[in-house]
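Q: Dropping in final.cif, with mmCIF, C-alpha atoms.
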```
data_protein
loop_
_atom_site.label_atom_id
_atom_site.label_comp_id
_atom_site.auth_asym_id
_atom_site.auth_seq_id
_atom_site.Cartn_x
_atom_site.Cartn_y
_atom_site.Cartn_z
CA MET A 731 38.09 31.79 -24.78
CA SER A 732 38.76 34.89 -26.91
CA LEU A 733 41.39 34.53 -29.61
CA SER A 734 44.47 36.74 -29.60
CA VAL A 735 46.51 37.07 -32.78
CA VAL A 736 50.22 37.85 -32.88
CA ILE A 737 52.05 38.40 -36.15
CA VAL A 738 55.66 37.24 -36.38
CA GLY A 739 57.63 38.19 -39.47
CA GLY A 740 61.10 38.85 -40.79
CA LEU A 741 63.54 37.87 -43.53
CA HIS A 742 65.74 36.13 -40.95
CA ALA A 743 64.00 32.75 -41.21
CA ASP A 744 65.97 30.95 -38.48
CA ALA A 745 65.30 33.75 -36.00
CA ARG A 746 61.63 33.82 -36.98
CA LYS A 747 61.21 30.07 -36.51
CA ALA A 748 62.95 30.25 -33.12
CA ALA A 749 60.61 33.04 -31.99
CA VAL A 750 57.55 31.09 -33.12
CA ALA A 751 58.73 27.92 -31.35
CA ARG A 752 59.27 29.95 -28.19
CA LEU A 753 55.74 31.36 -28.30
CA LEU A 754 54.25 27.88 -28.78
CA ALA A 755 56.22 26.68 -25.75
CA GLU A 756 55.35 29.69 -23.56
CA VAL A 757 51.60 29.98 -24.30
CA PRO A 758 49.40 26.94 -23.61
CA GLY A 759 46.63 26.55 -26.19
CA SER A 760 48.53 28.34 -28.95
CA VAL A 761 48.85 27.42 -32.62
CA VAL A 762 50.87 28.80 -35.51
CA LEU A 763 49.49 29.47 -38.98
CA HIS A 764 51.94 29.69 -41.87
CA HIS A 765 51.34 30.25 -45.57
CA ASP A 766 54.29 29.04 -47.64
CA LEU A 767 54.55 31.33 -50.65
CA ALA A 768 57.48 29.35 -52.07
CA THR A 769 54.95 27.02 -53.72
CA ALA A 770 53.22 29.88 -55.55
CA ALA A 771 54.99 29.09 -58.83
CA ALA A 772 52.96 25.86 -58.90
CA GLY A 773 49.73 27.86 -58.61
CA THR A 774 48.92 27.38 -54.94
CA VAL A 775 49.93 28.57 -51.49
CA VAL A 776 50.33 25.85 -48.86
CA ARG A 777 48.81 26.59 -45.46
CA THR A 778 49.85 24.72 -42.32
CA ILE A 779 48.59 24.92 -38.76
CA ARG A 780 50.83 23.59 -35.99
CA ASP A 781 50.77 23.44 -32.23
CA ALA A 782 53.56 22.61 -29.79
CA THR A 783 53.31 18.89 -30.60
CA GLY A 784 53.47 19.21 -34.39
CA LEU A 785 51.27 19.50 -37.48
CA VAL A 786 47.54 19.93 -36.84
CA SER A 787 46.32 20.46 -40.41
CA ALA A 788 47.46 21.43 -43.89
CA GLY A 789 45.65 22.79 -46.92
CA GLU A 790 46.06 24.81 -50.07
CA ALA A 791 44.85 28.26 -51.05
CA PRO A 792 44.64 29.01 -54.79
CA LEU A 793 46.45 32.03 -56.16
CA VAL A 794 44.39 35.20 -56.54
CA ASN A 795 45.25 37.20 -59.68
CA ASP A 796 48.62 35.42 -59.83
CA CYS A 797 49.46 36.96 -56.47
CA ALA A 798 50.61 34.75 -53.60
CA CYS A 799 50.22 37.57 -51.09
CA CYS A 800 46.63 38.09 -52.23
CA ALA A 801 45.94 34.40 -51.64
CA LEU A 802 47.36 34.75 -48.14
CA ARG A 803 45.03 37.69 -47.42
CA GLU A 804 41.99 35.84 -48.75
CA ASP A 805 42.72 32.68 -46.75
CA LEU A 806 44.10 34.05 -43.48
CA VAL A 807 41.06 35.75 -41.95
CA PRO A 808 38.63 32.83 -42.55
CA GLU A 809 41.12 30.46 -40.92
CA LEU A 810 41.53 32.76 -37.93
CA ARG A 811 37.76 33.13 -37.61
CA ARG A 812 37.39 29.35 -37.66
CA LEU A 813 39.88 29.09 -34.79
CA ALA A 814 38.07 31.86 -32.89
CA ASP A 815 34.69 30.17 -33.35
CA ALA A 816 36.04 26.81 -32.15
CA GLY A 817 36.95 28.53 -28.89
CA ASP A 818 39.82 26.27 -27.80
CA THR A 819 42.76 28.38 -29.02
CA ARG A 820 44.14 31.14 -26.84
CA LEU A 821 46.78 32.53 -29.19
CA ALA A 822 47.09 32.28 -32.96
CA VAL A 823 50.63 33.01 -34.10
CA VAL A 824 50.66 34.12 -37.72
CA GLU A 825 54.14 33.29 -38.99
CA LEU A 826 54.65 35.34 -42.14
CA TRP A 827 56.64 34.02 -45.07
CA ASP A 828 60.07 35.59 -45.50
CA SER A 829 59.30 38.72 -47.54
CA VAL A 830 55.73 39.37 -46.39
CA GLU A 831 55.51 42.68 -44.54
CA PRO A 832 53.68 42.79 -41.20
CA LYS A 833 51.88 46.11 -41.79
CA ALA A 834 49.59 44.81 -44.53
CA MET A 835 48.80 41.60 -42.64
CA ALA A 836 48.07 43.35 -39.34
CA GLU A 837 45.66 45.66 -41.12
CA VAL A 838 43.96 42.73 -42.90
CA VAL A 839 43.46 40.84 -39.63
CA VAL A 840 42.06 43.87 -37.78
CA ALA A 841 39.77 44.72 -40.72
CA GLY A 842 38.49 41.14 -40.42
CA GLY A 843 37.21 41.88 -36.93
CA LEU A 844 39.95 40.03 -35.04
CA THR A 845 42.26 41.26 -32.29
CA VAL A 846 45.96 41.67 -32.96
CA THR A 847 47.74 41.79 -29.62
CA GLY A 848 51.28 41.97 -30.95
CA VAL A 849 53.49 42.37 -34.00
CA ILE A 850 57.00 40.94 -33.72
CA THR A 851 59.88 41.01 -36.17
CA ALA A 852 62.52 38.35 -35.54
CA VAL A 853 66.10 39.50 -36.06
CA ASP A 854 69.60 38.07 -36.05
CA PRO A 855 71.79 41.10 -35.19
CA ALA A 856 74.67 39.70 -37.26
CA LEU A 857 72.49 39.87 -40.39
CA VAL A 858 71.15 43.41 -39.99
CA LEU A 859 73.94 45.20 -41.88
CA PRO A 860 74.15 42.58 -44.67
CA CYS A 861 70.39 42.83 -45.20
CA LEU A 862 70.38 46.63 -45.20
CA GLY A 863 73.23 46.60 -47.70
CA ASN A 864 71.55 44.12 -50.05
CA GLY A 865 70.09 46.02 -52.97
CA ASP A 866 69.15 42.84 -54.89
CA ASP A 867 65.57 42.39 -56.00
CA LEU A 868 63.60 39.88 -53.93
CA ALA A 869 62.85 38.04 -57.17
CA ASP A 870 66.55 37.28 -57.67
CA GLY A 871 66.56 35.30 -54.43
CA GLY A 872 63.23 33.56 -54.95
CA LEU A 873 61.62 35.81 -52.34
CA ALA A 874 59.13 37.77 -54.46
CA ALA A 875 55.53 37.58 -53.25
CA ALA A 876 54.08 38.17 -56.73
CA ALA A 877 55.23 38.24 -60.34
CA THR A 878 55.07 42.05 -60.21
CA ASP A 879 56.99 42.33 -56.91
CA GLN A 880 59.79 44.85 -57.48
CA ARG A 881 60.93 45.27 -53.88
CA THR A 882 64.54 44.78 -52.82
CA VAL A 883 65.90 42.82 -49.87
CA ALA A 884 67.08 46.04 -48.18
CA ASP A 885 63.86 48.07 -48.34
CA THR A 886 61.72 45.06 -47.38
CA PHE A 887 63.88 44.28 -44.35
CA ALA A 888 63.87 47.94 -43.28
CA ARG A 889 60.07 48.10 -43.30
CA GLN A 890 59.74 44.77 -41.46
CA LEU A 891 62.15 46.00 -38.80
CA GLU A 892 60.77 49.50 -38.30
CA TYR A 893 57.05 48.64 -38.20
CA ALA A 894 57.15 46.14 -35.34
CA PRO A 895 57.08 47.49 -31.76
CA VAL A 896 58.75 44.26 -30.57
CA LEU A 897 61.95 42.70 -31.88
CA ALA A 898 62.65 39.05 -31.05
CA VAL A 899 66.44 38.97 -31.15
CA THR A 900 68.61 35.88 -31.40
CA ASP A 901 71.53 35.52 -29.00
CA SER A 902 73.88 35.29 -31.97
CA GLU A 903 77.51 34.37 -31.38
CA GLU A 904 78.42 36.03 -34.69
CA ALA A 905 77.00 39.42 -33.63
CA ASP A 906 79.29 42.01 -32.08
CA GLU A 907 78.65 45.30 -30.25
CA GLU A 908 78.49 47.22 -33.51
CA ASP A 909 75.75 44.91 -34.84
CA ARG A 910 73.68 45.27 -31.68
CA GLU A 911 74.19 49.03 -31.60
CA LEU A 912 73.09 49.35 -35.23
CA LEU A 913 69.89 47.47 -34.42
CA ALA A 914 69.25 49.68 -31.39
CA GLN A 915 69.78 52.91 -33.34
CA LEU A 916 67.65 51.85 -36.29
CA HIS A 917 64.63 51.24 -34.04
CA PRO A 918 65.32 52.83 -30.65
CA THR A 919 61.70 52.65 -29.42
CA ALA A 920 61.38 48.90 -30.03
CA ARG A 921 61.12 46.49 -27.14
CA GLN A 922 63.89 43.94 -27.66
CA VAL A 923 63.36 40.44 -26.29
CA VAL A 924 66.23 37.98 -26.56
CA ILE A 925 64.77 34.66 -27.71
CA GLY A 926 65.10 32.14 -24.89
CA HIS A 927 66.14 34.75 -22.33
CA GLY A 928 63.03 36.93 -22.12
CA ASP A 929 59.28 36.53 -21.83
CA LEU A 930 58.22 36.75 -25.47
CA ALA A 931 54.64 35.78 -24.58
CA VAL A 932 54.18 38.94 -22.52
CA ALA A 933 55.27 41.05 -25.48
CA ALA A 934 53.01 39.08 -27.82
CA LEU A 935 49.95 39.74 -25.66
CA ALA A 936 50.75 43.35 -24.70
CA GLY A 937 48.38 44.94 -27.21
CA PHE A 938 48.77 46.58 -30.59
CA ASP A 939 47.26 49.69 -32.21
CA VAL A 940 47.14 49.41 -36.01
CA GLU A 941 46.36 53.10 -36.54
CA ALA A 942 49.17 54.27 -34.26
CA ALA A 943 51.61 51.89 -35.97
CA ALA A 944 50.66 53.24 -39.40
CA ALA A 945 51.06 56.83 -38.19
CA ALA A 946 54.52 56.02 -36.82
CA GLN A 947 55.57 55.07 -40.37
CA HIS A 948 53.86 57.91 -42.28
CA PRO A 949 56.40 60.40 -43.67
CA ALA A 950 54.56 63.39 -42.21
CA CYS A 951 54.63 62.14 -38.62
CA ALA A 952 57.04 59.21 -38.57
CA LEU A 953 58.71 58.42 -35.27
CA LEU A 954 62.27 58.76 -36.55
CA PRO A 955 65.44 57.73 -34.67
CA ALA A 956 67.25 60.27 -32.49
CA GLU A 957 70.87 61.44 -32.52
CA ALA A 958 73.24 58.72 -31.34
CA ASP A 959 76.90 57.76 -31.52
CA ALA A 960 78.22 54.57 -29.90
CA HIS A 961 80.24 51.42 -30.69
CA GLY A 962 81.20 52.75 -34.12
CA VAL A 963 77.60 53.43 -35.18
CA SER A 964 76.14 56.92 -35.62
CA THR A 965 72.75 58.43 -36.29
CA LEU A 966 72.71 61.95 -37.72
CA VAL A 967 69.44 63.86 -37.43
CA TRP A 968 69.50 66.73 -39.90
CA HIS A 969 66.79 69.35 -39.45
CA ARG A 970 66.59 72.64 -41.39
CA SER A 971 63.95 75.25 -42.23
CA ARG A 972 65.01 76.09 -45.78
CA PRO A 973 64.18 74.25 -49.02
CA PHE A 974 66.58 72.28 -51.19
CA HIS A 975 67.67 73.52 -54.61
CA PRO A 976 66.33 70.73 -56.87
CA GLU A 977 69.33 70.49 -59.19
CA ARG A 978 71.97 70.53 -56.45
CA LEU A 979 70.12 67.93 -54.40
CA TYR A 980 69.59 65.72 -57.45
CA ALA A 981 73.30 65.90 -58.28
CA ALA A 982 74.13 64.78 -54.72
CA LEU A 983 71.63 61.90 -54.53
CA GLU A 984 74.08 59.09 -55.18
CA ASP A 985 76.52 60.30 -52.53
CA LEU A 986 73.73 60.91 -50.02
CA THR A 987 72.10 57.53 -50.66
CA CYS A 988 75.37 55.65 -50.23
CA ALA A 989 76.49 57.65 -47.19
CA ALA A 990 74.52 55.49 -44.73
CA ALA A 991 73.18 51.98 -44.39
CA ARG A 992 69.74 53.48 -43.79
CA SER A 993 68.26 56.94 -44.24
CA ARG A 994 64.70 58.20 -44.18
CA GLY A 995 62.54 61.20 -43.43
CA ARG A 996 60.76 64.06 -45.13
CA PHE A 997 62.13 66.88 -47.21
CA TRP A 998 61.22 70.15 -48.91
CA LEU A 999 62.05 71.05 -52.53
CA ALA A 1000 62.05 74.68 -53.62
CA ASP A 1001 60.33 74.07 -56.97
CA LYS A 1002 57.57 72.07 -55.23
CA PRO A 1003 57.19 74.15 -52.05
CA ASP A 1004 53.71 72.87 -51.19
CA THR A 1005 54.55 69.13 -51.43
CA LEU A 1006 55.83 67.01 -48.56
CA LEU A 1007 58.32 64.56 -50.04
CA HIS A 1008 59.29 61.20 -48.55
CA TRP A 1009 62.94 60.04 -48.46
CA ASP A 1010 63.46 56.28 -48.05
CA ALA A 1011 66.89 54.76 -48.71
CA ALA A 1012 68.49 51.37 -48.04
CA GLY A 1013 70.79 49.05 -49.93
CA GLY A 1014 72.25 51.89 -51.97
CA ALA A 1015 68.84 52.67 -53.52
CA LEU A 1016 66.59 55.66 -52.87
CA CYS A 1017 62.82 55.90 -53.16
CA VAL A 1018 61.41 59.42 -53.36
CA GLU A 1019 57.66 59.99 -53.45
CA SER A 1020 55.06 62.63 -52.71
CA ALA A 1021 53.26 62.28 -49.39
CA GLY A 1022 50.70 64.98 -50.11
CA PRO A 1023 50.71 68.64 -49.08
CA TRP A 1024 52.41 70.23 -46.12
CA LEU A 1025 49.80 71.35 -43.60
CA ALA A 1026 50.91 74.95 -44.13
CA SER A 1027 49.69 74.62 -47.73
CA LEU A 1028 46.17 73.56 -46.75
CA PRO A 1029 43.29 75.99 -46.21
CA ASP A 1030 42.19 76.28 -42.58
CA ALA A 1031 38.94 74.46 -43.34
CA ALA A 1032 40.86 71.35 -44.38
CA TRP A 1033 42.66 70.99 -41.05
CA ASP A 1034 39.64 69.32 -39.44
CA MET A 1035 40.12 66.41 -41.86
CA VAL A 1036 43.75 65.91 -40.83
CA PRO A 1037 44.39 63.23 -38.16
CA PRO A 1038 45.34 64.66 -34.74
CA VAL A 1039 48.70 62.84 -34.80
CA ARG A 1040 49.60 64.65 -38.03
CA ARG A 1041 48.65 68.04 -36.55
CA ALA A 1042 50.70 67.28 -33.43
CA ALA A 1043 53.75 66.34 -35.51
CA ALA A 1044 53.41 69.52 -37.57
CA ALA A 1045 53.20 71.62 -34.41
CA LEU A 1046 56.61 70.32 -33.30
CA ASP A 1047 58.22 71.60 -36.52
CA TRP A 1048 56.11 74.75 -36.93
CA HIS A 1049 57.95 77.81 -38.20
CA PRO A 1050 56.36 81.31 -38.02
CA GLU A 1051 57.10 81.96 -41.71
CA HIS A 1052 56.50 78.65 -43.49
CA GLY A 1053 54.73 76.39 -41.02
CA ASP A 1054 55.65 72.71 -41.06
CA CYS A 1055 57.70 72.85 -44.28
CA CYS A 1056 61.17 71.59 -43.34
CA GLN A 1057 63.98 69.12 -43.84
CA HIS A 1058 63.94 66.25 -41.37
CA LEU A 1059 66.29 63.51 -42.53
CA VAL A 1060 67.90 60.77 -40.44
CA PHE A 1061 71.00 58.78 -41.45
CA THR A 1062 72.15 55.69 -39.52
CA SER A 1063 75.28 53.66 -40.25
CA PRO A 1064 78.51 52.24 -38.93
CA GLY A 1065 81.41 54.53 -39.82
CA LEU A 1066 79.14 57.45 -40.71
CA ASP A 1067 81.00 60.57 -41.89
CA ARG A 1068 78.78 62.93 -39.94
CA ASP A 1069 80.63 66.15 -40.82
CA GLY A 1070 80.99 65.32 -44.49
CA LEU A 1071 77.35 64.30 -44.76
CA ALA A 1072 76.11 67.44 -42.99
CA HIS A 1073 78.29 69.62 -45.24
CA LEU A 1074 76.93 67.94 -48.39
CA LEU A 1075 73.34 68.39 -47.23
CA GLU A 1076 73.95 72.06 -46.40
CA SER A 1077 75.40 72.66 -49.87
CA CYS A 1078 72.12 71.49 -51.42
CA LEU A 1079 69.98 74.12 -49.67
CA LEU A 1080 68.99 77.40 -51.31
CA THR A 1081 71.57 80.13 -50.84
CA ASP A 1082 70.58 83.32 -49.02
CA ALA A 1083 70.01 85.09 -52.35
CA GLU A 1084 67.95 82.20 -53.77
CA TYR A 1085 65.89 81.99 -50.61
CA ALA A 1086 65.26 85.76 -50.58
CA ALA A 1087 63.93 85.62 -54.17
CA GLY A 1088 60.73 84.03 -52.81
CA ARG A 1089 58.36 81.24 -53.78
CA ALA A 1090 57.48 82.54 -57.23
CA ALA A 1091 61.17 82.37 -58.17
CA TRP A 1092 61.62 78.97 -56.49
CA LYS A 1093 58.87 77.45 -58.63
CA ARG A 1094 60.74 78.47 -61.77
CA LEU A 1095 63.82 76.43 -60.80
CA PRO A 1096 64.52 73.39 -63.04
CA PRO A 1097 62.25 70.46 -61.99
CA ALA A 1098 65.07 67.95 -61.55
CA PHE A 1099 62.95 65.48 -59.58
CA ASP A 1100 60.06 65.12 -62.03
CA THR A 1101 61.46 61.88 -63.45
CA LEU A 1102 61.85 60.35 -59.99
CA LEU A 1103 58.37 61.48 -58.99
CA GLU A 1104 56.89 60.45 -62.37
CA VAL A 1105 55.30 63.88 -62.75
#
```
Rewrite the structure of this file - the entire thing - as structure tokens.
A:
Amino acid sequence: MSLSVVIVGGLHADARKAAVARLLAEVPGSVVLHHDLATAAAGTVVRTIRDATGLVSAGEAPLVNDCACCALREDLVPELRRLADAGDTRLAVVELWDSVEPKAMAEVVVAGGLTVTGVITAVDPALVLPCLGNGDDLADGGLAAAATDQRTVADTFARQLEYAPVLAVTDSEEADEEDRELLAQLHPTARQVVIGHGDLAVAALAGFDVEAAAAAQHPACALLPAEADAHGVSTLVWHRSRPFHPERLYAALEDLTCAAARSRGRFWLADKPDTLLHWDAAGGALCVESAGPWLASLPDAAWDMVPPVRRAAAALDWHPEHGDCCQHLVFTSPGLDRDGLAHLLESCLLTDAEYAAGRAAWKRLPPAFDTLLEV
């Protein structure tokens, strides 16, 4: 019997446990592996393996470099290989601890020569907006995966949600239409399975492509949400072919970051015209980082080294004058002021006169983003 691995994660612990219990009930010969990082302060990570009847085994994995997540990585693949070699387990459900992100674990499992057939994030729709609005550090809530973990609740939840192709959703009595609409707009391509009312096992065994999932999150070719407006929730897709003035955009950052529960995408700064910049905001905090060069800035010979999915994404945005350089930002939120937001974004672009001055002049503009980019 070949072993299939499904990864189930999410900060919504009750929803996650319900999804895992459902998988154990639906798939005969399945077990769940869980590494409890809450014990890391004591120097170890506790590993448990359960089946539908209860606890099968328990053990400890020592910390690696004071990092609980590292201990999880070191211990997980050998345990999965042991289950695969024994040959009597059909499905291994890897239940991630609260703040562990599925992307890293899926890549670790696949690199270990095992087959990931599904990645699921469990969600309570009533908790989506509170989580996206929570700018607290994970450490403040005892959710940090390492002493150096500086992530926030909001950005961690956003990545957990957006990476998984399947969402296991609780039938929450506290959730209303706005909550469900927000979830749908944040990840419109996800397959939603209501826990207890859908066949979660089918989704868990449907197949998963690690490379495609990574590409769907990469700033250069991310599969971003589309325009939408329903049940009080809006998604604004803002696409322009002119660079931002660095000082005007920097001055507007606080207003832009707080305008939506979630915003992300790629953008183009006039003083750094060759650099594709990543915009990632949640919980009232913004992360800006370089994602390498725009394809238009690369010599032709370098294009062969660029993944096909990146070239395809660039082709969709290609402009006869400046190639794939563009603004592609997406804002999703209840009560979104679409007109006000669009007006603010437009005001940050180069004026006609500034644009006509050309790239040499753009590069001489004040480098307002150097502190954010740690240049």
Q: Nearest to Pro832 (chain A) among A:Ala801, A:Val776, A:Ala898, A:Ala943, with distances taken over all atoms listed in the file: which residue is it?
A: A:Ala943
Q: Tell me, as a PDB file with C-alpha atoms, in the frame of the given file, which residues lie within 9 Å of Val830 (chain A), counting all atoms listed in the file; anything in the same chain fewer than 4 positions away does not count.
A:
```pdb
ATOM      1  CA  GLY A 739      57.630  38.190 -39.470  1.00  0.00           C
ATOM      2  CA  GLY A 740      61.100  38.850 -40.790  1.00  0.00           C
ATOM      3  CA  LEU A 741      63.540  37.870 -43.530  1.00  0.00           C
ATOM      4  CA  CYS A 799      50.220  37.570 -51.090  1.00  0.00           C
ATOM      5  CA  LEU A 826      54.650  35.340 -42.140  1.00  0.00           C
ATOM      6  CA  ALA A 834      49.590  44.810 -44.530  1.00  0.00           C
ATOM      7  CA  MET A 835      48.800  41.600 -42.640  1.00  0.00           C
ATOM      8  CA  ALA A 874      59.130  37.770 -54.460  1.00  0.00           C
ATOM      9  CA  ALA A 875      55.530  37.580 -53.250  1.00  0.00           C
ATOM     10  CA  THR A 886      61.720  45.060 -47.380  1.00  0.00           C
ATOM     11  CA  GLN A 890      59.740  44.770 -41.460  1.00  0.00           C
TER      12      GLN A 890
END
```
Q: Starting from the point (41.9, 34.5, -30.1), work out which residues of protein, DNA or RNA have an atom no more than 12 Å away when counting all atoms listed in the file; state them as a PyMOL selection string.
A: chain A and resi 731-736+759-762+807+809-824+839+843-847+935
Q: Would you save the residues of that selection, restricted to C-alpha atoms, as a compact mmCIF listing (two decimals), keeping the file's coordinate frame?
A:
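Saved the output as again-v4.txt:
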```
# COMPACT_ATOMS: atom_id res chain seq x y z
CA MET A 731 38.09 31.79 -24.78
CA SER A 732 38.76 34.89 -26.91
CA LEU A 733 41.39 34.53 -29.61
CA SER A 734 44.47 36.74 -29.60
CA VAL A 735 46.51 37.07 -32.78
CA VAL A 736 50.22 37.85 -32.88
CA GLY A 759 46.63 26.55 -26.19
CA SER A 760 48.53 28.34 -28.95
CA VAL A 761 48.85 27.42 -32.62
CA VAL A 762 50.87 28.80 -35.51
CA VAL A 807 41.06 35.75 -41.95
CA GLU A 809 41.12 30.46 -40.92
CA LEU A 810 41.53 32.76 -37.93
CA ARG A 811 37.76 33.13 -37.61
CA ARG A 812 37.39 29.35 -37.66
CA LEU A 813 39.88 29.09 -34.79
CA ALA A 814 38.07 31.86 -32.89
CA ASP A 815 34.69 30.17 -33.35
CA ALA A 816 36.04 26.81 -32.15
CA GLY A 817 36.95 28.53 -28.89
CA ASP A 818 39.82 26.27 -27.80
CA THR A 819 42.76 28.38 -29.02
CA ARG A 820 44.14 31.14 -26.84
CA LEU A 821 46.78 32.53 -29.19
CA ALA A 822 47.09 32.28 -32.96
CA VAL A 823 50.63 33.01 -34.10
CA VAL A 824 50.66 34.12 -37.72
CA VAL A 839 43.46 40.84 -39.63
CA GLY A 843 37.21 41.88 -36.93
CA LEU A 844 39.95 40.03 -35.04
CA THR A 845 42.26 41.26 -32.29
CA VAL A 846 45.96 41.67 -32.96
CA THR A 847 47.74 41.79 -29.62
CA LEU A 935 49.95 39.74 -25.66
```
Q: Mind telling me what the PyMOL selection byres ((chain A and resi 781) around 7) catches here, as an NGL selection string?
A: :A and (754 or 760-762 or 780 or 782-786)
Q: Any chance you could work out the residue set of the PyMOL selection byres ((chain A and resi 931) around 10) here, as a list of chain:residue names?
A: A:Val736, A:Ala749, A:Arg752, A:Leu753, A:Leu754, A:Ala755, A:Glu756, A:Val757, A:Leu821, A:Gly848, A:Gly928, A:Asp929, A:Leu930, A:Val932, A:Ala933, A:Ala934, A:Leu935, A:Ala936
Q: Quick one: residues within 10 Å of Arg746 (chain A), all atoms listed in the file counted, chain neighbours fewer than 2 positions away excluded, as a list in words?
A: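 Once the adjacent positions are removed, what remains is Val738, Gly739, Gly740, Leu741, His742, Ala743, Asp744, Ala748, Ala749, Val750, Ala751, Arg752, Glu825, Leu826, Trp827, Asp828, Ile850, Thr851, Ala852, Val853, Asp854, Ala898, Val899, Thr900 and Ile925 of chain A.
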Q: Any idea what the distance is between CA of Ser971 (chain A) and CA of Pro1029 (chain A)?
A: 21.1 Å
